[in-house]
$ cat coords_36.cif   # mmCIF, C-alpha atoms and all ligand atoms
data_protein
loop_
_atom_site.label_atom_id
_atom_site.label_comp_id
_atom_site.auth_asym_id
_atom_site.auth_seq_id
_atom_site.Cartn_x
_atom_site.Cartn_y
_atom_site.Cartn_z
CA MET A 1 4.49 -41.08 9.26
CA TYR A 2 5.81 -38.61 6.67
CA SER A 3 7.85 -41.40 5.02
CA LYS A 4 4.59 -42.57 3.41
CA LEU A 5 4.73 -39.42 1.25
CA TYR A 6 7.57 -41.10 -0.71
CA GLU A 7 5.08 -43.77 -1.85
CA PHE A 8 3.46 -41.29 -4.24
CA LEU A 9 5.83 -38.29 -4.48
CA SER A 10 9.47 -38.13 -5.53
CA ALA A 11 12.16 -36.95 -3.10
CA ASP A 12 12.53 -33.56 -4.80
CA GLN A 13 8.82 -32.86 -4.20
CA ILE A 14 9.13 -33.21 -0.41
CA ASN A 15 10.96 -30.66 1.75
CA PHE A 16 11.20 -30.97 5.53
CA ASN A 17 11.52 -27.95 7.84
CA GLU A 18 11.40 -25.66 4.86
CA GLU A 19 11.81 -21.97 5.72
CA MET A 20 8.73 -20.24 4.35
CA LYS A 21 10.65 -17.00 3.85
CA HIS A 22 11.97 -18.66 0.68
CA HIS A 23 8.40 -19.10 -0.58
CA THR A 24 6.79 -15.72 0.11
CA THR A 25 7.32 -12.40 -1.66
CA PHE A 26 7.67 -10.78 1.81
CA ASN A 27 10.76 -12.99 2.39
CA ILE A 28 9.32 -13.67 5.83
CA GLY A 29 8.14 -16.85 7.55
CA GLY A 30 9.38 -19.65 9.80
CA PRO A 31 9.64 -23.33 8.84
CA ALA A 32 6.82 -25.51 7.57
CA ASP A 33 6.97 -29.09 8.88
CA VAL A 34 6.72 -30.28 5.29
CA LEU A 35 6.45 -28.43 1.99
CA VAL A 36 5.07 -30.49 -0.88
CA LEU A 37 5.48 -29.46 -4.53
CA PRO A 38 2.78 -31.24 -6.57
CA ASN A 39 3.26 -31.68 -10.31
CA SER A 40 -0.24 -32.89 -11.08
CA ILE A 41 -3.81 -32.95 -9.85
CA THR A 42 -3.19 -36.59 -8.83
CA ASP A 43 -0.29 -35.47 -6.58
CA ILE A 44 -2.63 -32.99 -4.87
CA CYS A 45 -5.41 -35.56 -4.38
CA MET A 46 -2.95 -38.10 -2.92
CA THR A 47 -1.48 -35.47 -0.56
CA VAL A 48 -4.95 -34.41 0.62
CA ASN A 49 -5.89 -38.07 1.22
CA PHE A 50 -2.64 -38.56 3.15
CA CYS A 51 -3.45 -35.54 5.36
CA ARG A 52 -6.98 -36.78 6.01
CA GLU A 53 -5.87 -40.33 6.88
CA ASN A 54 -3.18 -39.01 9.25
CA ASN A 55 -5.27 -36.22 10.71
CA LEU A 56 -2.80 -33.59 9.51
CA ALA A 57 -3.54 -29.95 8.73
CA PHE A 58 -2.54 -28.55 5.35
CA ILE A 59 -2.61 -25.18 3.66
CA LEU A 60 -2.34 -24.15 0.03
CA LEU A 61 0.20 -21.72 -1.31
CA GLY A 62 0.63 -20.26 -4.79
CA GLN A 63 3.47 -17.76 -5.19
CA GLY A 64 3.03 -16.62 -1.59
CA SER A 65 2.49 -13.05 -2.80
CA ASN A 66 -0.49 -12.31 -0.58
CA VAL A 67 0.50 -14.12 2.61
CA LEU A 68 2.39 -13.41 5.80
CA VAL A 69 3.69 -16.58 7.45
CA ARG A 70 4.22 -16.24 11.19
CA ASP A 71 7.72 -16.63 12.67
CA LYS A 72 7.04 -20.03 14.26
CA GLY A 73 6.16 -21.39 10.84
CA ILE A 74 3.45 -23.83 9.83
CA ARG A 75 2.57 -27.12 11.48
CA GLY A 76 1.52 -29.82 9.08
CA ILE A 77 1.86 -29.69 5.32
CA VAL A 78 2.11 -26.77 2.90
CA ILE A 79 1.03 -27.70 -0.63
CA LYS A 80 2.73 -25.21 -2.92
CA LEU A 81 1.48 -24.87 -6.46
CA GLY A 82 3.43 -23.05 -9.08
CA ASN A 83 6.23 -25.48 -9.91
CA GLY A 84 4.16 -27.99 -11.86
CA LEU A 85 0.47 -27.75 -12.54
CA ASN A 86 0.91 -25.00 -15.10
CA ARG A 87 -0.60 -26.49 -18.27
CA PHE A 88 -3.02 -24.43 -20.32
CA SER A 89 -4.87 -24.47 -23.62
CA ILE A 90 -6.51 -21.76 -25.69
CA ALA A 91 -9.43 -22.34 -28.07
CA GLY A 92 -10.97 -19.27 -29.67
CA ALA A 93 -11.54 -16.80 -26.83
CA GLU A 94 -11.64 -19.53 -24.15
CA ILE A 95 -8.69 -20.35 -21.91
CA TYR A 96 -8.38 -23.44 -19.76
CA ALA A 97 -5.47 -23.35 -17.31
CA GLU A 98 -4.24 -25.24 -14.27
CA ALA A 99 -4.05 -23.36 -10.99
CA GLY A 100 -0.25 -23.24 -10.71
CA ILE A 101 0.39 -21.18 -13.82
CA LYS A 102 1.68 -17.67 -13.14
CA LEU A 103 -1.05 -15.14 -13.80
CA SER A 104 1.32 -12.77 -15.63
CA ALA A 105 2.54 -15.64 -17.86
CA LEU A 106 -1.07 -16.45 -18.73
CA ALA A 107 -1.73 -12.77 -19.51
CA LEU A 108 1.23 -12.79 -21.90
CA GLU A 109 -0.05 -15.96 -23.63
CA ALA A 110 -3.47 -14.34 -24.00
CA ALA A 111 -1.83 -11.26 -25.56
CA GLU A 112 0.17 -13.47 -27.97
CA HIS A 113 -3.17 -14.98 -29.06
CA SER A 114 -4.67 -11.47 -29.50
CA LEU A 115 -7.05 -12.03 -26.59
CA SER A 116 -8.00 -9.05 -24.46
CA GLY A 117 -9.25 -9.01 -20.85
CA LEU A 118 -6.21 -10.12 -18.83
CA GLU A 119 -4.11 -6.98 -19.37
CA PHE A 120 -4.72 -5.93 -15.74
CA ALA A 121 -2.82 -9.03 -14.58
CA GLU A 122 0.51 -7.64 -15.81
CA GLY A 123 2.58 -7.21 -12.65
CA ILE A 124 0.34 -9.19 -10.27
CA PRO A 125 2.88 -11.69 -8.93
CA GLY A 126 0.76 -14.76 -8.20
CA THR A 127 -0.64 -17.99 -9.61
CA LEU A 128 -3.97 -18.36 -11.39
CA GLY A 129 -5.27 -20.32 -8.36
CA GLY A 130 -4.29 -17.57 -5.91
CA ALA A 131 -5.80 -14.95 -8.22
CA VAL A 132 -9.13 -16.80 -8.33
CA VAL A 133 -9.15 -17.24 -4.54
CA MET A 134 -8.36 -13.52 -3.99
CA ASN A 135 -10.39 -12.25 -6.98
CA ALA A 136 -7.19 -10.38 -7.86
CA GLY A 137 -7.59 -7.22 -9.87
CA ALA A 138 -6.16 -3.88 -10.90
CA TYR A 139 -6.86 -1.02 -13.30
CA ASN A 140 -10.62 -1.69 -13.39
CA GLY A 141 -10.19 -5.37 -14.21
CA GLU A 142 -10.60 -8.39 -11.94
CA MET A 143 -10.80 -12.18 -12.19
CA LYS A 144 -14.55 -11.95 -11.65
CA ASP A 145 -14.89 -10.48 -15.17
CA LEU A 146 -13.24 -13.48 -16.87
CA VAL A 147 -13.52 -16.69 -14.85
CA TYR A 148 -16.69 -18.65 -15.58
CA GLU A 149 -15.87 -22.10 -14.21
CA VAL A 150 -13.48 -23.53 -11.60
CA LEU A 151 -12.57 -27.14 -10.83
CA ALA A 152 -11.74 -27.72 -7.16
CA ILE A 153 -11.47 -30.54 -4.63
CA ASP A 154 -12.57 -30.46 -1.03
CA THR A 155 -10.66 -31.75 1.98
CA ALA A 156 -12.45 -35.11 1.65
CA GLY A 157 -11.04 -35.47 -1.87
CA ASN A 158 -14.34 -34.84 -3.74
CA PHE A 159 -14.16 -32.94 -7.03
CA LYS A 160 -16.59 -30.10 -7.61
CA THR A 161 -17.09 -27.80 -10.59
CA PHE A 162 -18.10 -24.26 -9.58
CA THR A 163 -20.06 -21.99 -11.89
CA TRP A 164 -19.53 -18.21 -11.82
CA GLU A 165 -22.54 -17.74 -9.53
CA GLN A 166 -21.29 -20.40 -7.11
CA ILE A 167 -17.85 -18.74 -6.80
CA LYS A 168 -19.52 -15.66 -5.23
CA PHE A 169 -16.87 -13.18 -6.34
CA GLU A 170 -16.78 -9.90 -4.45
CA TYR A 171 -14.10 -7.23 -4.08
CA ARG A 172 -10.89 -9.29 -3.41
CA LYS A 173 -13.08 -12.14 -2.21
CA SER A 174 -14.43 -15.50 -3.37
CA ILE A 175 -16.00 -18.56 -1.78
CA PHE A 176 -12.58 -20.25 -1.86
CA GLN A 177 -11.32 -18.04 0.98
CA GLU A 178 -13.41 -20.18 3.33
CA GLY A 179 -10.59 -22.72 2.96
CA GLU A 180 -12.75 -25.75 2.19
CA TYR A 181 -11.58 -26.21 -1.39
CA ILE A 182 -8.38 -26.36 -3.40
CA VAL A 183 -8.62 -24.61 -6.75
CA LEU A 184 -7.20 -26.96 -9.40
CA SER A 185 -8.01 -25.23 -12.68
CA ALA A 186 -10.16 -22.50 -14.18
CA ARG A 187 -11.85 -21.62 -17.44
CA LEU A 188 -11.73 -18.00 -18.57
CA HIS A 189 -13.60 -16.18 -21.27
CA LEU A 190 -11.70 -13.34 -22.97
CA HIS A 191 -12.49 -11.39 -26.12
CA PRO A 192 -10.65 -10.88 -29.41
CA GLY A 193 -8.44 -7.79 -29.60
CA ASN A 194 -5.38 -6.41 -31.31
CA ARG A 195 -2.11 -7.95 -30.13
CA ASP A 196 -0.10 -4.71 -30.32
CA ASP A 197 -2.77 -2.70 -28.46
CA ILE A 198 -2.96 -5.36 -25.73
CA MET A 199 0.84 -5.41 -25.37
CA GLU A 200 0.96 -1.61 -25.21
CA THR A 201 -1.71 -1.54 -22.47
CA MET A 202 0.28 -4.10 -20.49
CA ARG A 203 3.50 -2.09 -20.88
CA ASP A 204 1.62 1.01 -19.69
CA TYR A 205 0.35 -0.83 -16.58
CA ALA A 206 3.87 -2.11 -15.87
CA ARG A 207 5.26 1.44 -16.15
CA ARG A 208 2.58 2.81 -13.83
CA ARG A 209 3.28 0.08 -11.28
CA SER A 210 7.01 0.67 -11.20
CA GLU A 211 6.46 4.43 -10.84
CA LYS A 212 4.08 4.08 -7.90
CA GLN A 213 4.85 0.80 -6.14
CA PRO A 214 7.95 -0.32 -4.21
CA LEU A 215 8.58 -3.26 -6.54
CA GLU A 216 12.27 -3.34 -5.72
CA GLN A 217 11.58 -4.31 -2.09
CA PRO A 218 9.92 -7.43 -0.64
CA SER A 219 6.23 -6.97 0.18
CA ALA A 220 2.87 -8.71 -0.16
CA GLY A 221 1.22 -5.92 -2.17
CA SER A 222 -1.51 -3.80 -0.61
CA THR A 223 -1.62 -4.39 3.11
CA PHE A 224 -5.31 -3.52 3.60
CA ARG A 225 -8.53 -3.99 1.71
CA ARG A 226 -9.87 -0.80 0.18
CA PRO A 227 -12.73 0.59 2.28
CA GLU A 228 -15.77 1.73 0.27
CA GLY A 229 -15.03 5.18 -1.18
CA PHE A 230 -11.42 5.51 0.08
CA TYR A 231 -7.91 4.76 -1.10
CA VAL A 232 -5.83 3.32 1.73
CA GLY A 233 -2.44 4.76 0.64
CA PRO A 234 -3.44 8.44 1.05
CA ILE A 235 -5.15 7.68 4.38
CA ILE A 236 -1.99 6.13 5.82
CA GLU A 237 0.10 8.92 4.33
CA GLY A 238 -2.26 11.45 5.97
CA LEU A 239 -1.61 9.76 9.32
CA GLY A 240 2.04 10.72 8.86
CA LEU A 241 3.13 7.10 8.70
CA LYS A 242 5.05 7.03 5.40
CA GLY A 243 8.46 5.60 6.23
CA PHE A 244 7.37 4.66 9.78
CA ALA A 245 8.93 1.35 10.84
CA ILE A 246 8.66 -1.27 13.53
CA GLY A 247 11.78 -3.42 13.48
CA ASP A 248 12.54 -3.91 9.81
CA ALA A 249 8.89 -3.67 8.68
CA GLU A 250 8.29 -0.26 7.14
CA VAL A 251 5.37 1.64 5.65
CA SER A 252 6.77 2.20 2.16
CA SER A 253 7.85 5.79 1.48
CA LYS A 254 6.93 5.22 -2.17
CA HIS A 255 3.39 3.91 -1.57
CA ALA A 256 1.97 4.01 1.96
CA GLY A 257 -0.50 1.22 1.11
CA PHE A 258 2.42 -1.24 1.08
CA ILE A 259 4.42 -2.58 4.02
CA ILE A 260 7.92 -3.55 2.93
CA ASN A 261 10.56 -5.77 4.48
CA ARG A 262 13.75 -3.68 4.80
CA GLY A 263 15.83 -6.84 5.12
CA SER A 264 15.28 -8.77 8.31
CA ALA A 265 11.68 -7.98 9.26
CA THR A 266 9.89 -10.66 11.27
CA ALA A 267 6.22 -11.52 10.93
CA GLU A 268 5.81 -10.06 14.41
CA ASP A 269 7.22 -6.71 13.18
CA VAL A 270 4.70 -6.70 10.31
CA ILE A 271 1.76 -7.68 12.54
CA ASN A 272 2.69 -5.00 15.09
CA LEU A 273 2.92 -2.42 12.31
CA ILE A 274 -0.48 -3.50 10.94
CA HIS A 275 -2.01 -3.10 14.43
CA TYR A 276 -0.37 0.30 14.87
CA ILE A 277 -1.75 1.58 11.54
CA GLN A 278 -5.22 0.19 12.38
CA GLU A 279 -5.16 1.92 15.76
CA LYS A 280 -4.18 5.29 14.24
CA ALA A 281 -6.84 5.00 11.49
CA ARG A 282 -9.49 4.23 14.12
CA GLU A 283 -8.38 7.11 16.36
CA LYS A 284 -8.24 9.74 13.63
CA HIS A 285 -10.93 8.65 11.12
CA GLU A 286 -13.01 6.04 13.01
CA LEU A 287 -12.01 3.78 10.13
CA ASN A 288 -11.67 0.03 10.49
CA LEU A 289 -8.85 -1.08 8.16
CA VAL A 290 -9.07 -4.79 7.35
CA PRO A 291 -5.93 -6.63 6.18
CA GLU A 292 -5.97 -7.93 2.62
CA ILE A 293 -2.90 -10.04 3.39
CA THR A 294 -3.67 -13.55 4.65
CA ILE A 295 -1.81 -14.30 7.89
CA VAL A 296 -1.04 -17.99 8.45
CA GLY A 297 1.05 -20.18 10.74
CA GLU A 298 1.47 -21.02 14.41
CA GLU A 299 0.66 -18.19 16.81
C1 LIG B 1 4.27 -6.24 -5.58
C2 LIG B 1 2.88 -6.82 -5.46
C3 LIG B 1 1.83 -6.27 -6.18
C4 LIG B 1 0.55 -6.79 -6.08
N1 LIG B 1 -0.45 -6.22 -6.81
C5 LIG B 1 -1.69 -6.72 -6.72
C6 LIG B 1 -2.76 -6.14 -7.49
O1 LIG B 1 -2.57 -5.21 -8.25
N2 LIG B 1 -3.99 -6.68 -7.35
C7 LIG B 1 -4.25 -7.75 -6.53
O2 LIG B 1 -5.40 -8.19 -6.46
N3 LIG B 1 -3.26 -8.31 -5.80
C8 LIG B 1 -2.00 -7.84 -5.87
N4 LIG B 1 -0.99 -8.40 -5.13
C9 LIG B 1 -1.31 -9.51 -4.19
C10 LIG B 1 -1.16 -10.93 -4.80
O3 LIG B 1 -0.19 -10.93 -5.83
C11 LIG B 1 -2.48 -11.48 -5.35
O4 LIG B 1 -3.47 -11.55 -4.34
C12 LIG B 1 -2.30 -12.88 -5.96
O5 LIG B 1 -3.46 -13.22 -6.68
C13 LIG B 1 -2.01 -13.98 -4.95
O6 LIG B 1 -1.64 -15.15 -5.66
P1 LIG B 1 -0.65 -16.21 -5.04
O7 LIG B 1 -0.56 -17.36 -5.98
O8 LIG B 1 0.65 -15.60 -4.68
O9 LIG B 1 -1.45 -16.64 -3.74
P2 LIG B 1 -0.84 -16.88 -2.28
O10 LIG B 1 -0.36 -15.58 -1.75
O11 LIG B 1 0.11 -18.01 -2.29
O12 LIG B 1 -2.17 -17.32 -1.51
C14 LIG B 1 -3.19 -16.39 -1.23
C15 LIG B 1 -4.35 -17.12 -0.53
O13 LIG B 1 -4.96 -18.02 -1.44
C16 LIG B 1 -4.86 -19.38 -0.98
N5 LIG B 1 -4.56 -20.19 -2.17
C17 LIG B 1 -3.57 -20.00 -3.07
N6 LIG B 1 -3.68 -20.88 -4.08
C18 LIG B 1 -4.78 -21.63 -3.82
C19 LIG B 1 -5.43 -22.70 -4.50
N7 LIG B 1 -4.98 -23.19 -5.66
N8 LIG B 1 -6.55 -23.23 -3.94
C20 LIG B 1 -7.03 -22.75 -2.76
N9 LIG B 1 -6.45 -21.75 -2.06
C21 LIG B 1 -5.33 -21.19 -2.59
C22 LIG B 1 -3.76 -19.38 0.05
O14 LIG B 1 -3.94 -20.39 1.01
C23 LIG B 1 -3.88 -17.98 0.65
O15 LIG B 1 -4.91 -17.96 1.60
C24 LIG B 1 0.30 -7.91 -5.22
C25 LIG B 1 1.37 -8.47 -4.51
C26 LIG B 1 2.65 -7.94 -4.62
C27 LIG B 1 3.77 -8.57 -3.85
#
$ encode --input "coords_36.cif" --output "structure tokens"
Amino acid sequence: MYSKLYEFLSADQINFNEEMKHHTTFNIGGPADVLVLPNSITDICMTVNFCRENNLAFILLGQGSNVLVRDKGIRGIVIKLGNGLNRFSIAGAEIYAEAGIKLSALALEAAEHSLSGLEFAEGIPGTLGGAVVMNAGAYNGEMKDLVYEVLAIDTAGNFKTFTWEQIKFEYRKSIFQEGEYIVLSARLHLHPGNRDDIMETMRDYARRRSEKQPLEQPSAGSTFRRPEGFYVGPIIEGLGLKGFAIGDAEVSSKHAGFIINRGSATAEDVINLIHYIQEKAREKHELNLVPEITIVGEE
């Protein structure tokens, strides 16, 4: 059945039994049956049609910087953006970009064009598509402030243009998390600024990140969503869990809001550690910590 993929994709775009640990920033995850690397919107549409006709499941992946793939891997097809699909154009203060472009690369382009608004994206290691889906943000900025239109397709292959209202952005949330659409491209509205000031702000954010976050070790960023009125890091630290590990999954000693992979952590280690932290937070603070990381793959 999978041989039909070669009718519309080239051999280097199709990878069988691909270990997902090579495609996630956690460096964790078992094999996907097939990993497809689309170079164009047409490649995505054809792959989605193929899945529908053959009754196959598929999931989308950007840079894999907010996902934990289970140890048994993923049945069906993983469509990974981020290799192709990274064209963009800038006209005045408007940016059009395809979903696979790296968010930090787009932020740098905006800065080069003296456009302000995307400075917060410095150091967020994902694609534009993933950032829209997650409403990624930092330092008082988020995608919600900039994105005004998104082109997506649904699992039946129908294109739909979403307006800002239809995207329903909330804290680290958008309508695209319901999994019914693939984000193909987005339009962003920035505002004119001074190139040197923008660059300096981005350097400052990068400095602050490397001071506070365990960037030198594999992770998927903040493990939990921020509950209203609390910061998760200090809560976990207060539970005495900094440096606590299950297998090779460890609550970072640098920033307790991050779980890091010390080298050979399994997804099971990470999930067990998440459950342990949740249990302790419930016991001590009656607080329900909800993972921000998306967990995918065969249970
Ligand atoms: C060191 C580190 C620091 C981080 N700092 C921040 C931060 O400051 N702020 C923040 O918000 N996040 C942060 N993150 C988390 C992560 O980088 C962001 O959530 C990022 O936007 C995810 O993008 P991605 O391309 O890697 O998405 P992925 O992790 O690949 O995917 C995330 C989810 O979106 C779906 N998805 C991805 N692309 C598409 C698409 N085109 N269409 C439909 N669905 C799609 C996936 O199926 C998955 O459910 C950090 C992560 C790390 C490792």
$ closest_residue --input "coords_36.cif" --among "A:Asn140, A:Thr155, A:Gln278, A:Asn66" --to "ligand LIG 1 (chain B)" --atoms "all atoms listed in the file"
A:Asn66
$ residues_near_ligand --input "coords_36.cif" --ligand "ligand LIG 1 (chain B)" --cutoff "7 Å" --atoms "only C-alpha atoms and all ligand atoms" --output "PDB file with C-alpha atoms, in the coordinates of the input"
ATOM      1  CA  THR A  25       7.320 -12.400  -1.660  1.00  0.00           C
ATOM      2  CA  ILE A  59      -2.610 -25.180   3.660  1.00  0.00           C
ATOM      3  CA  LEU A  60      -2.340 -24.150   0.030  1.00  0.00           C
ATOM      4  CA  LEU A  61       0.200 -21.720  -1.310  1.00  0.00           C
ATOM      5  CA  GLY A  62       0.630 -20.260  -4.790  1.00  0.00           C
ATOM      6  CA  GLN A  63       3.470 -17.760  -5.190  1.00  0.00           C
ATOM      7  CA  GLY A  64       3.030 -16.620  -1.590  1.00  0.00           C
ATOM      8  CA  SER A  65       2.490 -13.050  -2.800  1.00  0.00           C
ATOM      9  CA  ASN A  66      -0.490 -12.310  -0.580  1.00  0.00           C
ATOM     10  CA  VAL A  67       0.500 -14.120   2.610  1.00  0.00           C
ATOM     11  CA  LEU A  81       1.480 -24.870  -6.460  1.00  0.00           C
ATOM     12  CA  ALA A  99      -4.050 -23.360 -10.990  1.00  0.00           C
ATOM     13  CA  GLY A 100      -0.250 -23.240 -10.710  1.00  0.00           C
ATOM     14  CA  GLY A 123       2.580  -7.210 -12.650  1.00  0.00           C
ATOM     15  CA  ILE A 124       0.340  -9.190 -10.270  1.00  0.00           C
ATOM     16  CA  PRO A 125       2.880 -11.690  -8.930  1.00  0.00           C
ATOM     17  CA  GLY A 126       0.760 -14.760  -8.200  1.00  0.00           C
ATOM     18  CA  THR A 127      -0.640 -17.990  -9.610  1.00  0.00           C
ATOM     19  CA  LEU A 128      -3.970 -18.360 -11.390  1.00  0.00           C
ATOM     20  CA  GLY A 129      -5.270 -20.320  -8.360  1.00  0.00           C
ATOM     21  CA  GLY A 130      -4.290 -17.570  -5.910  1.00  0.00           C
ATOM     22  CA  ALA A 131      -5.800 -14.950  -8.220  1.00  0.00           C
ATOM     23  CA  VAL A 132      -9.130 -16.800  -8.330  1.00  0.00           C
ATOM     24  CA  VAL A 133      -9.150 -17.240  -4.540  1.00  0.00           C
ATOM     25  CA  MET A 134      -8.360 -13.520  -3.990  1.00  0.00           C
ATOM     26  CA  ASN A 135     -10.390 -12.250  -6.980  1.00  0.00           C
ATOM     27  CA  ALA A 136      -7.190 -10.380  -7.860  1.00  0.00           C
ATOM     28  CA  GLY A 137      -7.590  -7.220  -9.870  1.00  0.00           C
ATOM     29  CA  ALA A 138      -6.160  -3.880 -10.900  1.00  0.00           C
ATOM     30  CA  ARG A 172     -10.890  -9.290  -3.410  1.00  0.00           C
ATOM     31  CA  PHE A 176     -12.580 -20.250  -1.860  1.00  0.00           C
ATOM     32  CA  GLN A 177     -11.320 -18.040   0.980  1.00  0.00           C
ATOM     33  CA  GLY A 179     -10.590 -22.720   2.960  1.00  0.00           C
ATOM     34  CA  TYR A 181     -11.580 -26.210  -1.390  1.00  0.00           C
ATOM     35  CA  ILE A 182      -8.380 -26.360  -3.400  1.00  0.00           C
ATOM     36  CA  VAL A 183      -8.620 -24.610  -6.750  1.00  0.00           C
ATOM     37  CA  LEU A 184      -7.200 -26.960  -9.400  1.00  0.00           C
ATOM     38  CA  LEU A 215       8.580  -3.260  -6.540  1.00  0.00           C
ATOM     39  CA  SER A 219       6.230  -6.970   0.180  1.00  0.00           C
ATOM     40  CA  ALA A 220       2.870  -8.710  -0.160  1.00  0.00           C
ATOM     41  CA  GLY A 221       1.220  -5.920  -2.170  1.00  0.00           C
ATOM     42  CA  SER A 222      -1.510  -3.800  -0.610  1.00  0.00           C
ATOM     43  CA  THR A 294      -3.670 -13.550   4.650  1.00  0.00           C
TER      44      THR A 294
END
$ residues_around --input "coords_36.cif" --residues "Lys280 (chain A)" --least-positions-apart "4" --cutoff "10 Å" --atoms "all atoms listed in the file" --output "list in words"
Ile236, Leu239, Gly240, Leu241, His275, Tyr276, Lys284, His285, Glu286, Leu287, Asn288 and Leu289 of chain A
$ closest_residue --input "coords_36.cif" --among "A:Ala32, A:Glu250, A:Glu283, A:Glu178" --to "Ile271 (chain A)" --atoms "all atoms listed in the file"
A:Glu250
$ residues_around --input "coords_36.cif" --residues "Arg195 (chain A)" --least-positions-apart "3" --cutoff "9 Å" --atoms "only C-alpha atoms" --output "number ranges by chain"
A: 110-116, 198-200
$ closest_residue --input "coords_36.cif" --among "A:Phe58, A:Tyr171, A:Phe16, A:Tyr205" --to "Arg226 (chain A)" --atoms "only C-alpha atoms"
A:Tyr171
$ atom_distance --input "coords_36.cif" --atom1 "CA of Tyr148 (chain A)" --atom2 "CA of Leu37 (chain A)"
27.0 Å
$ atom_distance --input "coords_36.cif" --atom1 "CA of Arg282 (chain A)" --atom2 "CA of Pro214 (chain A)"
25.7 Å
$ atom_distance --input "coords_36.cif" --atom1 "CA of Ile28 (chain A)" --atom2 "CA of Ala186 (chain A)"
29.3 Å
$ closest_residue --input "coords_36.cif" --among "A:Glu18, A:Arg187, A:Arg70, A:Ile77" --to "Asn272 (chain A)" --atoms "only C-alpha atoms"
A:Arg70
$ decode --input "coords_36.cif" --residues "region 9-26 of chain A" --atoms "C-alpha atoms" --output "short mmCIF file (atom, residue, chain, number, x, y, z; two decimals), in the first residue's frame"
data_model
loop_
_atom_site.label_atom_id
_atom_site.label_comp_id
_atom_site.auth_asym_id
_atom_site.auth_seq_id
_atom_site.Cartn_x
_atom_site.Cartn_y
_atom_site.Cartn_z
CA LEU A 9 6.70 11.90 -3.47
CA SER A 10 10.39 11.29 -4.13
CA ALA A 11 12.27 8.53 -2.27
CA ASP A 12 14.08 10.99 0.01
CA GLN A 13 10.71 12.30 1.24
CA ILE A 14 9.58 8.88 2.51
CA ASN A 15 11.14 7.20 5.56
CA PHE A 16 9.97 3.83 6.87
CA ASN A 17 10.24 2.83 10.54
CA GLU A 18 11.76 6.17 11.34
CA GLU A 19 12.78 6.59 14.99
CA MET A 20 10.93 9.64 16.25
CA LYS A 21 13.68 10.38 18.78
CA HIS A 22 15.53 11.89 15.80
CA HIS A 23 12.64 14.30 15.20
CA THR A 24 11.83 15.59 18.69
CA THR A 25 13.78 18.01 20.88
CA PHE A 26 13.31 15.54 23.78
#
